[in-house]
>>> print(open('start_28.cif').read())   # mmCIF, C-alpha atoms
data_input
#
loop_
_atom_site.label_atom_id
_atom_site.label_comp_id
_atom_site.auth_asym_id
_atom_site.auth_seq_id
_atom_site.Cartn_x
_atom_site.Cartn_y
_atom_site.Cartn_z
CA MET A 942 14.71 13.30 68.20
CA SER A 943 15.55 10.82 65.55
CA ASP A 944 18.34 12.36 63.58
CA GLY A 945 19.80 9.92 61.13
CA ASP A 946 23.03 9.27 62.94
CA TYR A 947 22.71 5.58 63.69
CA ASP A 948 23.48 2.22 62.12
CA TYR A 949 20.18 0.43 62.56
CA LEU A 950 16.60 1.39 63.20
CA ILE A 951 14.82 -1.45 64.97
CA LYS A 952 11.13 -1.60 65.88
CA PHE A 953 9.86 -3.60 68.81
CA LEU A 954 6.23 -4.11 69.65
CA ALA A 955 4.96 -4.67 73.18
CA LEU A 956 2.07 -7.14 73.26
CA GLY A 957 -0.14 -8.85 75.78
CA ASP A 958 -3.53 -8.57 77.43
CA SER A 959 -4.74 -5.20 78.55
CA GLY A 960 -3.57 -4.25 82.02
CA VAL A 961 -0.39 -6.34 82.06
CA GLY A 962 1.77 -3.22 82.14
CA LYS A 963 3.03 -2.78 78.57
CA THR A 964 3.03 0.99 78.73
CA SER A 965 4.64 1.08 82.18
CA VAL A 966 7.40 -1.29 81.11
CA LEU A 967 8.28 0.84 78.08
CA TYR A 968 8.04 3.96 80.19
CA GLN A 969 10.43 2.50 82.72
CA TYR A 970 12.87 1.43 79.98
CA THR A 971 12.98 4.86 78.43
CA ASP A 972 14.13 6.27 81.78
CA GLY A 973 10.71 7.39 82.82
CA LYS A 974 10.80 10.13 80.25
CA PHE A 975 7.40 10.87 78.89
CA ASN A 976 8.47 11.18 75.31
CA SER A 977 5.86 9.04 73.66
CA LYS A 978 4.44 10.03 70.33
CA PHE A 979 0.86 9.00 69.83
CA ILE A 980 -0.45 8.62 66.31
CA THR A 981 -4.21 8.80 66.74
CA THR A 982 -5.30 7.58 63.36
CA VAL A 983 -3.47 4.31 63.70
CA GLY A 984 -3.68 3.89 67.46
CA ILE A 985 0.04 3.45 67.89
CA ASP A 986 2.08 5.01 70.60
CA PHE A 987 5.83 4.83 70.37
CA ARG A 988 8.89 5.74 72.37
CA GLU A 989 12.45 5.89 71.18
CA LYS A 990 15.80 5.15 72.69
CA ARG A 991 19.36 5.03 71.43
CA VAL A 992 21.53 2.15 72.51
CA VAL A 993 24.90 0.82 71.51
CA TYR A 994 25.03 -2.85 70.68
CA ARG A 995 28.27 -4.75 71.02
CA ALA A 996 28.24 -8.23 69.60
CA SER A 997 30.46 -10.72 71.30
CA GLY A 998 31.93 -13.00 68.67
CA PRO A 999 32.37 -16.74 69.09
CA ASP A 1000 35.94 -16.09 70.23
CA GLY A 1001 34.66 -13.78 72.95
CA ALA A 1002 36.08 -10.72 71.22
CA VAL A 1003 33.86 -7.72 71.52
CA GLY A 1004 33.27 -6.01 68.22
CA ARG A 1005 32.84 -2.36 67.45
CA GLY A 1006 29.65 -0.95 68.85
CA GLN A 1007 26.72 -0.47 66.54
CA ARG A 1008 24.46 2.47 67.14
CA ILE A 1009 20.90 1.29 67.40
CA HIS A 1010 17.87 3.52 67.23
CA LEU A 1011 15.16 1.56 69.04
CA GLN A 1012 11.53 2.32 68.42
CA LEU A 1013 9.29 0.79 71.06
CA TRP A 1014 5.75 0.49 69.82
CA ASP A 1015 2.84 0.36 72.16
CA THR A 1016 -0.89 0.07 71.49
CA ALA A 1017 -3.44 2.70 72.39
CA GLY A 1018 -5.42 0.07 74.26
CA GLN A 1019 -7.49 -1.02 71.27
CA GLU A 1020 -7.06 -4.62 72.37
CA ARG A 1021 -9.68 -3.83 74.99
CA PHE A 1022 -12.10 -3.42 72.12
CA ARG A 1023 -10.68 -6.46 70.31
CA SER A 1024 -9.33 -4.56 67.42
CA LEU A 1025 -5.63 -5.08 67.30
CA THR A 1026 -5.31 -5.43 63.58
CA THR A 1027 -2.77 -7.87 62.40
CA ALA A 1028 -1.07 -5.20 60.30
CA PHE A 1029 0.21 -3.99 63.60
CA PHE A 1030 2.41 -7.08 63.84
CA ARG A 1031 3.79 -6.99 60.35
CA ASP A 1032 6.10 -4.03 60.73
CA ALA A 1033 7.75 -5.01 63.96
CA MET A 1034 10.93 -6.98 64.08
CA GLY A 1035 10.87 -8.14 67.67
CA PHE A 1036 8.11 -8.72 70.18
CA LEU A 1037 8.07 -8.15 73.88
CA LEU A 1038 5.21 -10.38 75.01
CA LEU A 1039 3.98 -9.57 78.49
CA PHE A 1040 1.65 -11.16 80.96
CA ASP A 1041 0.77 -10.27 84.53
CA LEU A 1042 2.13 -12.64 87.20
CA THR A 1043 -0.90 -11.78 89.33
CA ASN A 1044 -3.43 -12.57 86.57
CA GLU A 1045 -3.80 -16.18 85.48
CA GLN A 1046 -5.87 -15.36 82.40
CA SER A 1047 -3.19 -13.07 81.00
CA PHE A 1048 -0.77 -16.02 81.30
CA LEU A 1049 -3.20 -18.44 79.64
CA ASN A 1050 -3.57 -15.98 76.77
CA VAL A 1051 0.15 -16.04 76.06
CA ARG A 1052 -0.31 -19.02 73.74
CA ASN A 1053 -2.99 -17.10 71.79
CA TRP A 1054 -0.68 -14.14 71.39
CA ILE A 1055 2.09 -16.42 70.19
CA SER A 1056 -0.10 -18.13 67.61
CA GLN A 1057 -1.29 -14.71 66.40
CA LEU A 1058 2.34 -13.72 66.02
CA GLN A 1059 3.27 -16.90 64.20
CA MET A 1060 0.45 -16.20 61.77
CA HIS A 1061 0.85 -12.49 61.21
CA ALA A 1062 4.41 -11.43 61.96
CA TYR A 1063 6.91 -11.02 59.15
CA CYS A 1064 7.95 -14.66 59.50
CA ASP A 1065 6.60 -17.72 61.32
CA SER A 1066 9.34 -17.77 63.92
CA PRO A 1067 9.72 -14.14 64.95
CA ASP A 1068 11.96 -13.15 67.83
CA ILE A 1069 10.00 -12.97 71.07
CA VAL A 1070 10.93 -12.37 74.68
CA LEU A 1071 8.36 -13.40 77.28
CA CYS A 1072 8.01 -11.23 80.39
CA GLY A 1073 6.06 -12.05 83.52
CA ASN A 1074 5.45 -8.55 84.81
CA LYS A 1075 4.55 -7.19 88.28
CA SER A 1076 7.12 -9.40 90.03
CA ASP A 1077 7.12 -6.85 92.86
CA LEU A 1078 3.61 -8.00 93.85
CA GLU A 1079 4.94 -11.28 95.23
CA ASP A 1080 2.02 -11.74 97.66
CA GLN A 1081 -0.49 -11.56 94.80
CA ARG A 1082 1.39 -13.85 92.45
CA VAL A 1083 -0.71 -16.62 90.89
CA VAL A 1084 1.64 -17.77 88.12
CA LYS A 1085 4.59 -19.85 89.30
CA GLU A 1086 7.99 -19.11 87.87
CA GLU A 1087 8.44 -22.78 86.85
CA GLU A 1088 5.17 -22.75 84.92
CA ALA A 1089 6.17 -19.66 83.00
CA ARG A 1090 9.67 -20.98 82.32
CA ALA A 1091 8.23 -24.24 81.03
CA LEU A 1092 5.97 -22.36 78.62
CA ALA A 1093 8.82 -20.14 77.42
CA GLU A 1094 10.97 -23.20 76.90
CA LYS A 1095 8.23 -24.90 74.91
CA TYR A 1096 8.24 -21.97 72.51
CA GLY A 1097 12.00 -21.55 72.66
CA VAL A 1098 11.88 -17.96 73.87
CA PRO A 1099 13.77 -16.29 76.73
CA TYR A 1100 11.80 -15.57 79.90
CA PHE A 1101 12.21 -12.73 82.39
CA GLU A 1102 10.31 -11.79 85.50
CA THR A 1103 10.01 -8.04 85.36
CA SER A 1104 8.67 -5.21 87.43
CA ALA A 1105 7.80 -1.91 85.86
CA ALA A 1106 7.29 -0.59 89.37
CA ASN A 1107 10.90 -1.05 90.49
CA GLY A 1108 12.65 -1.64 87.16
CA THR A 1109 13.73 -5.23 87.78
CA ASN A 1110 14.87 -7.06 84.64
CA ILE A 1111 13.41 -4.60 82.16
CA SER A 1112 16.65 -3.62 80.49
CA PRO A 1113 17.88 -7.23 80.44
CA ALA A 1114 14.65 -8.34 78.74
CA ILE A 1115 14.82 -5.70 76.04
CA GLU A 1116 18.55 -6.27 75.56
CA ALA A 1117 17.91 -10.00 75.15
CA LEU A 1118 15.42 -9.20 72.40
CA LEU A 1119 17.88 -6.87 70.70
CA ASP A 1120 20.53 -9.56 70.93
CA LEU A 1121 18.25 -12.11 69.22
CA ILE A 1122 17.57 -9.68 66.42
CA MET A 1123 21.16 -8.66 65.86
CA LYS A 1124 22.16 -12.33 65.79
CA ARG A 1125 19.42 -13.03 63.28
CA MET A 1126 20.69 -10.25 61.09
CA GLU A 1127 24.24 -11.51 61.27
CA ARG A 1128 23.10 -14.98 60.24
CA CYS A 1129 21.30 -13.55 57.36
CA VAL A 1130 23.50 -12.68 54.40
CA ASP A 1131 20.63 -11.56 52.25
CA LYS A 1132 18.77 -8.97 54.27
CA SER A 1133 16.11 -8.42 51.66
CA TRP A 1134 13.58 -10.55 53.56
CA ILE A 1135 13.48 -8.09 56.43
CA PRO A 1136 10.28 -6.05 56.21
CA GLU A 1137 10.86 -2.86 54.37
CA GLY A 1138 11.57 0.16 56.52
CA VAL A 1139 12.06 -1.91 59.66
CA VAL A 1140 15.78 -2.07 59.59
CA ARG A 1141 17.80 0.66 58.14
CA SER A 1142 21.29 -0.43 57.60
CA ASN A 1143 23.66 2.37 56.86
CA GLY A 1144 25.93 -0.10 55.14
CA HIS A 1145 27.81 -1.29 58.13
CA THR A 1146 29.33 -4.29 56.44
CA ALA A 1147 30.46 -2.17 53.55
CA ALA A 1148 31.76 0.39 56.00
CA ASP A 1149 34.60 -1.92 56.89
CA GLN A 1150 36.05 -1.23 53.49
CA HIS A 1151 35.00 2.35 53.07
CA GLY A 1152 35.63 3.56 56.55
CA GLU A 1153 32.96 5.65 58.13
CA GLU A 1154 33.06 8.86 56.15
CA ARG A 1155 29.81 8.02 54.46
CA LYS A 1156 27.75 8.11 57.59
CA GLY A 1157 26.44 11.23 59.25
CA GLY A 1158 26.66 14.54 57.44
CA CYS A 1159 26.93 12.63 54.22
CA SER A 1160 27.07 14.91 51.23
CA CYS A 1161 25.21 12.70 48.79
CA MET B 215 -38.47 22.36 69.64
CA GLY B 216 -40.71 22.88 66.64
CA ASP B 217 -37.88 23.36 64.11
CA LYS B 218 -36.18 20.05 64.52
CA PRO B 219 -37.70 17.10 62.70
CA ILE B 220 -39.08 14.47 65.04
CA TRP B 221 -36.49 11.86 64.01
CA GLU B 222 -33.71 14.28 64.95
CA GLN B 223 -35.24 14.81 68.35
CA ILE B 224 -35.74 11.10 69.00
CA GLY B 225 -32.36 10.17 67.59
CA SER B 226 -30.40 12.72 69.58
CA SER B 227 -32.17 11.96 72.85
CA PHE B 228 -31.49 8.28 72.27
CA ILE B 229 -27.80 9.00 71.67
CA GLN B 230 -27.56 11.09 74.82
CA HIS B 231 -29.27 8.36 76.85
CA TYR B 232 -27.18 5.58 75.33
CA TYR B 233 -23.78 7.10 76.08
CA GLN B 234 -24.85 8.24 79.50
CA LEU B 235 -25.75 4.66 80.36
CA PHE B 236 -22.61 3.34 78.70
CA ASP B 237 -20.32 5.69 80.64
CA ASN B 238 -22.04 5.31 84.00
CA ASP B 239 -23.20 1.71 84.17
CA ARG B 240 -23.13 -0.23 80.94
CA THR B 241 -24.75 -3.29 82.54
CA GLN B 242 -27.99 -1.26 82.34
CA LEU B 243 -27.88 -1.08 78.55
CA GLY B 244 -30.15 -4.12 78.28
CA ALA B 245 -33.09 -1.76 78.62
CA ILE B 246 -32.63 -0.42 75.10
CA TYR B 247 -32.19 -3.72 73.23
CA ILE B 248 -34.68 -6.50 72.43
CA ASP B 249 -34.13 -10.18 71.77
CA ALA B 250 -34.00 -9.60 68.03
CA SER B 251 -31.35 -6.87 68.33
CA CYS B 252 -27.98 -7.29 66.63
CA LEU B 253 -24.69 -5.81 67.69
CA THR B 254 -21.57 -5.83 65.56
CA TRP B 255 -18.69 -4.83 67.79
CA GLU B 256 -15.40 -4.40 65.98
CA GLY B 257 -16.53 -7.03 63.49
CA GLN B 258 -17.80 -9.50 66.07
CA GLN B 259 -21.49 -10.38 65.92
CA PHE B 260 -23.84 -10.65 68.89
CA GLN B 261 -27.56 -11.25 68.81
CA GLY B 262 -30.14 -10.78 71.54
CA LYS B 263 -30.35 -8.57 74.58
CA ALA B 264 -28.51 -11.02 76.83
CA ALA B 265 -25.55 -11.62 74.51
CA ILE B 266 -25.21 -7.91 73.80
CA VAL B 267 -25.27 -6.88 77.44
CA GLU B 268 -22.81 -9.60 78.32
CA LYS B 269 -20.41 -8.37 75.64
CA LEU B 270 -20.66 -4.73 76.64
CA SER B 271 -20.40 -5.47 80.36
CA SER B 272 -17.33 -7.64 79.93
CA LEU B 273 -15.24 -5.10 78.05
CA PRO B 274 -12.01 -4.90 80.05
CA PHE B 275 -11.93 -1.34 81.32
CA GLN B 276 -13.17 0.26 84.51
CA LYS B 277 -13.94 3.73 83.29
CA ILE B 278 -15.01 4.95 79.92
CA GLN B 279 -15.94 8.36 78.64
CA HIS B 280 -17.51 9.12 75.27
CA SER B 281 -17.52 12.49 73.64
CA ILE B 282 -19.77 12.97 70.61
CA THR B 283 -18.31 15.00 67.78
CA ALA B 284 -21.22 14.71 65.36
CA GLN B 285 -24.44 12.79 64.88
CA ASP B 286 -26.84 12.36 61.97
CA HIS B 287 -30.35 10.92 61.93
CA GLN B 288 -32.74 9.93 59.17
CA PRO B 289 -36.22 8.42 58.99
CA THR B 290 -36.47 5.14 57.10
CA PRO B 291 -39.38 4.15 54.81
CA ASP B 292 -40.58 1.64 57.43
CA SER B 293 -40.79 4.30 60.16
CA CYS B 294 -37.55 3.51 61.90
CA ILE B 295 -34.73 5.95 62.62
CA ILE B 296 -31.17 5.41 61.55
CA SER B 297 -28.45 7.27 63.46
CA MET B 298 -24.75 7.64 62.91
CA VAL B 299 -22.30 8.91 65.51
CA VAL B 300 -18.71 10.05 65.18
CA GLY B 301 -16.91 10.62 68.43
CA GLN B 302 -13.95 10.05 70.69
CA LEU B 303 -13.56 7.87 73.72
CA LYS B 304 -11.14 7.36 76.54
CA ALA B 305 -10.97 4.04 78.37
CA ASP B 306 -9.21 4.12 81.75
CA GLU B 307 -5.89 5.91 81.29
CA ASP B 308 -5.43 5.00 77.63
CA PRO B 309 -4.94 7.60 74.93
CA ILE B 310 -8.08 9.04 73.37
CA MET B 311 -9.31 7.16 70.31
CA GLY B 312 -11.88 7.98 67.69
CA PHE B 313 -14.90 5.76 67.02
CA HIS B 314 -17.93 5.41 64.78
CA GLN B 315 -21.24 3.94 65.81
CA MET B 316 -24.49 3.41 64.01
CA PHE B 317 -27.93 2.60 65.43
CA LEU B 318 -31.26 1.56 63.96
CA LEU B 319 -34.14 2.53 66.25
CA LYS B 320 -37.61 1.07 66.06
CA ASN B 321 -40.80 2.00 67.84
CA ILE B 322 -42.33 -1.05 69.48
CA ASN B 323 -45.37 -0.64 71.77
CA ASP B 324 -44.77 3.07 72.11
CA ALA B 325 -41.16 2.69 73.12
CA TRP B 326 -38.05 3.21 71.02
CA VAL B 327 -35.62 0.32 71.06
CA CYS B 328 -32.36 -0.32 69.28
CA THR B 329 -32.59 -3.21 66.82
CA ASN B 330 -29.18 -2.77 65.22
CA ASP B 331 -25.94 -1.40 66.57
CA MET B 332 -22.54 -1.31 64.87
CA PHE B 333 -19.35 -0.08 66.50
CA ARG B 334 -15.86 0.51 65.18
CA LEU B 335 -12.82 2.31 66.51
CA ALA B 336 -11.56 4.84 64.00
CA LEU B 337 -8.15 3.25 63.55
CA HIS B 338 -6.46 2.89 60.23
CA ASN B 339 -3.44 0.74 60.85
CA PHE B 340 -3.98 -1.59 57.92
CA GLY B 341 -0.31 -1.26 56.93
#
>>> encode(input="start_28.cif", output="structure tokens")
Amino acid sequence: MSDGDYDYLIKFLALGDSGVGKTSVLYQYTDGKFNSKFITTVGIDFREKRVVYRASGPDGAVGRGQRIHLQLWDTAGQERFRSLTTAFFRDAMGFLLLFDLTNEQSFLNVRNWISQLQMHAYCDSPDIVLCGNKSDLEDQRVVKEEEARALAEKYGVPYFETSAANGTNISPAIEALLDLIMKRMERCVDKSWIPEGVVRSNGHTAADQHGEERKGGCSC
Amino acid sequence: MGDKPIWEQIGSSFIQHYYQLFDNDRTQLGAIYIDASCLTWEGQQFQGKAAIVEKLSSLPFQKIQHSITAQDHQPTPDSCIISMVVGQLKADEDPIMGFHQMFLLKNINDAWVCTNDMFRLALHNFG
């Protein structure tokens, strides 16, 4: 349930070739709960999760937690038909880009996905985390960790080797993406460039002066 | 079968045959196209039996199931049949999606072939 009691609503989109495990990764992250909501007319499937984000300042001090309502968007598999419309990219704030460590082609296609994102996301340097999935299938691995790290480094994005089967590194990958986005927001004084409806700020900066009475059960 | 116009009968048996082949072994679909056939698949153009079959065979799913919601057929002035299909499909374990498909059928040497084929998923995420 998405009651309004949170500070930020953030939308992530899982991307990558079909069969790399996007749905399984999101499923694993949302504690294996089958709570997805499929919107047939647009071919978008999404799951939600609440997390608390604590920024660590430059002095190492941990700030007050911010309540994040994460929406994890997944495709309905339309990329199998080649019809992932670019509008799909526009509304997401962060991208979890996956490939399959046991499938070379899915790794080679990472650069195509990134150039698509650079073209169609809300800005030309969107926040991306690269995940080499199916790390549990070590005996079938065809993509070397060094290769993947080198590619991630070239694009300046974090890299994780994940396994939706046993849960390895899935939370760290998604948390790294959240961290990038929260840092981007902090850097950004004028938040008006953020796509409309993507981030809902309940006035957290202003809240420091007003206290918190205005949030939750607000009478206005 | 006297009530149904001939183009309805031909059109609907073609549709039944087409999706049966597609769902069971889509590499066999070459039988219904000719070298002048055109396919527009999600906006991508393919011409000729070989190119069309290659495209359809290489779609990245193992299993697919079509379910036809509605179909319409009309005769054209040059004795062809135009057919439109609205339906739903399920590829592997993905969620069910809607689709539209349109066919132009032509009788060549006493056999009906598909000269034009257009396919779109019924998705409206234009933002």
>>> closest_atom_pairs(input="start_28.cif", of="chain B", to="chain A", cutoff="9 Å", atoms="only C-alpha atoms", output="CSV")
residue,atom,partner,partner_atom,distance
B:Trp255,CA,A:Phe1022,CA,8.0
B:Glu256,CA,A:Ser1024,CA,6.2
B:Gly257,CA,A:Ser1024,CA,8.6
B:Gln258,CA,A:Arg1023,CA,8.8
B:Leu273,CA,A:Arg1021,CA,6.5
B:Pro274,CA,A:Arg1021,CA,5.7
B:Phe275,CA,A:Arg1021,CA,7.2
B:Ala305,CA,A:Gly1018,CA,8.0
B:Asp308,CA,A:Gly1018,CA,6.0
B:Pro309,CA,A:Ala1017,CA,5.7
B:Ile310,CA,A:Thr981,CA,7.7
B:Met311,CA,A:Thr981,CA,6.4
B:Gly312,CA,A:Thr981,CA,7.8
B:Arg334,CA,A:Ser1024,CA,8.6
B:Leu335,CA,A:Ser1024,CA,7.8
B:Ala336,CA,A:Thr982,CA,6.9
B:Leu337,CA,A:Val983,CA,4.8
B:His338,CA,A:Val983,CA,4.8
B:Asn339,CA,A:Val983,CA,4.6
B:Phe340,CA,A:Ala1028,CA,5.2
B:Gly341,CA,A:Ala1028,CA,5.2
>>> atom_distance(input="start_28.cif", atom1="atom CA of Ile951 of chain A", atom2="atom CA of Leu1121 of chain A")
12.0 Å
>>> atom_distance(input="start_28.cif", atom1="atom CA of Ala245 of chain B", atom2="atom CA of Gln230 of chain B")
14.5 Å
>>> closest_residue(input="start_28.cif", among="A:Phe987, A:Tyr1063, A:Phe1101, A:Phe1036", to="Leu1119 of chain A", atoms="all atoms listed in the file")
A:Phe1036
>>> resolve_selection(input="start_28.cif", expression="the PyMOL selection byres ((chain A and resi 1111-1116) around 10)", output="PyMOL selection string")
chain A and resi 953+966-967+969-971+992+994+1013+1035-1037+1070-1072+1074+1099-1105+1107-1110+1117-1122
>>> residues_around(input="start_28.cif", residues="segment 1040-1049 of chain A", least_positions_apart="5", cutoff="7 Å", atoms="all atoms listed in the file", output="ChimeraX atom specification")
/A:957-958,961,1072-1076,1081-1084
>>> atom_distance(input="start_28.cif", atom1="atom CA of Asp972 of chain A", atom2="atom CA of Glu989 of chain A")
10.7 Å
>>> resolve_selection(input="start_28.cif", expression="the PyMOL selection byres ((chain B and resi 225) around 9)", output="tab-separated table (two decimals) with C-alpha atoms, keeping the file's coordinate frame")
chain	number	residue	atom	x	y	z
B	220	ILE	CA	-39.08	14.47	65.04
B	221	TRP	CA	-36.49	11.86	64.01
B	222	GLU	CA	-33.71	14.28	64.95
B	223	GLN	CA	-35.24	14.81	68.35
B	224	ILE	CA	-35.74	11.10	69.00
B	226	SER	CA	-30.40	12.72	69.58
B	227	SER	CA	-32.17	11.96	72.85
B	228	PHE	CA	-31.49	8.28	72.27
B	229	ILE	CA	-27.80	9.00	71.67
B	230	GLN	CA	-27.56	11.09	74.82
B	285	GLN	CA	-24.44	12.79	64.88
B	286	ASP	CA	-26.84	12.36	61.97
B	287	HIS	CA	-30.35	10.92	61.93
B	288	GLN	CA	-32.74	9.93	59.17
B	295	ILE	CA	-34.73	5.95	62.62
B	296	ILE	CA	-31.17	5.41	61.55
B	297	SER	CA	-28.45	7.27	63.46
B	319	LEU	CA	-34.14	2.53	66.25
>>> closest_residue(input="start_28.cif", among="A:Asp1080, A:Asp948, A:Tyr968, A:Val1098", to="Arg1005 of chain A", atoms="only C-alpha atoms")
A:Asp948
>>> resolve_selection(input="start_28.cif", expression="the PyMOL selection byres ((chain B and resi 271) around 10)", output="VMD selection string")
chain B and resid 236 239 to 243 265 to 270 272 to 275
>>> closest_residue(input="start_28.cif", among="B:Gln302, B:Gln234, B:Ser251, B:Gln259", to="Leu318 of chain B", atoms="all atoms listed in the file")
B:Ser251
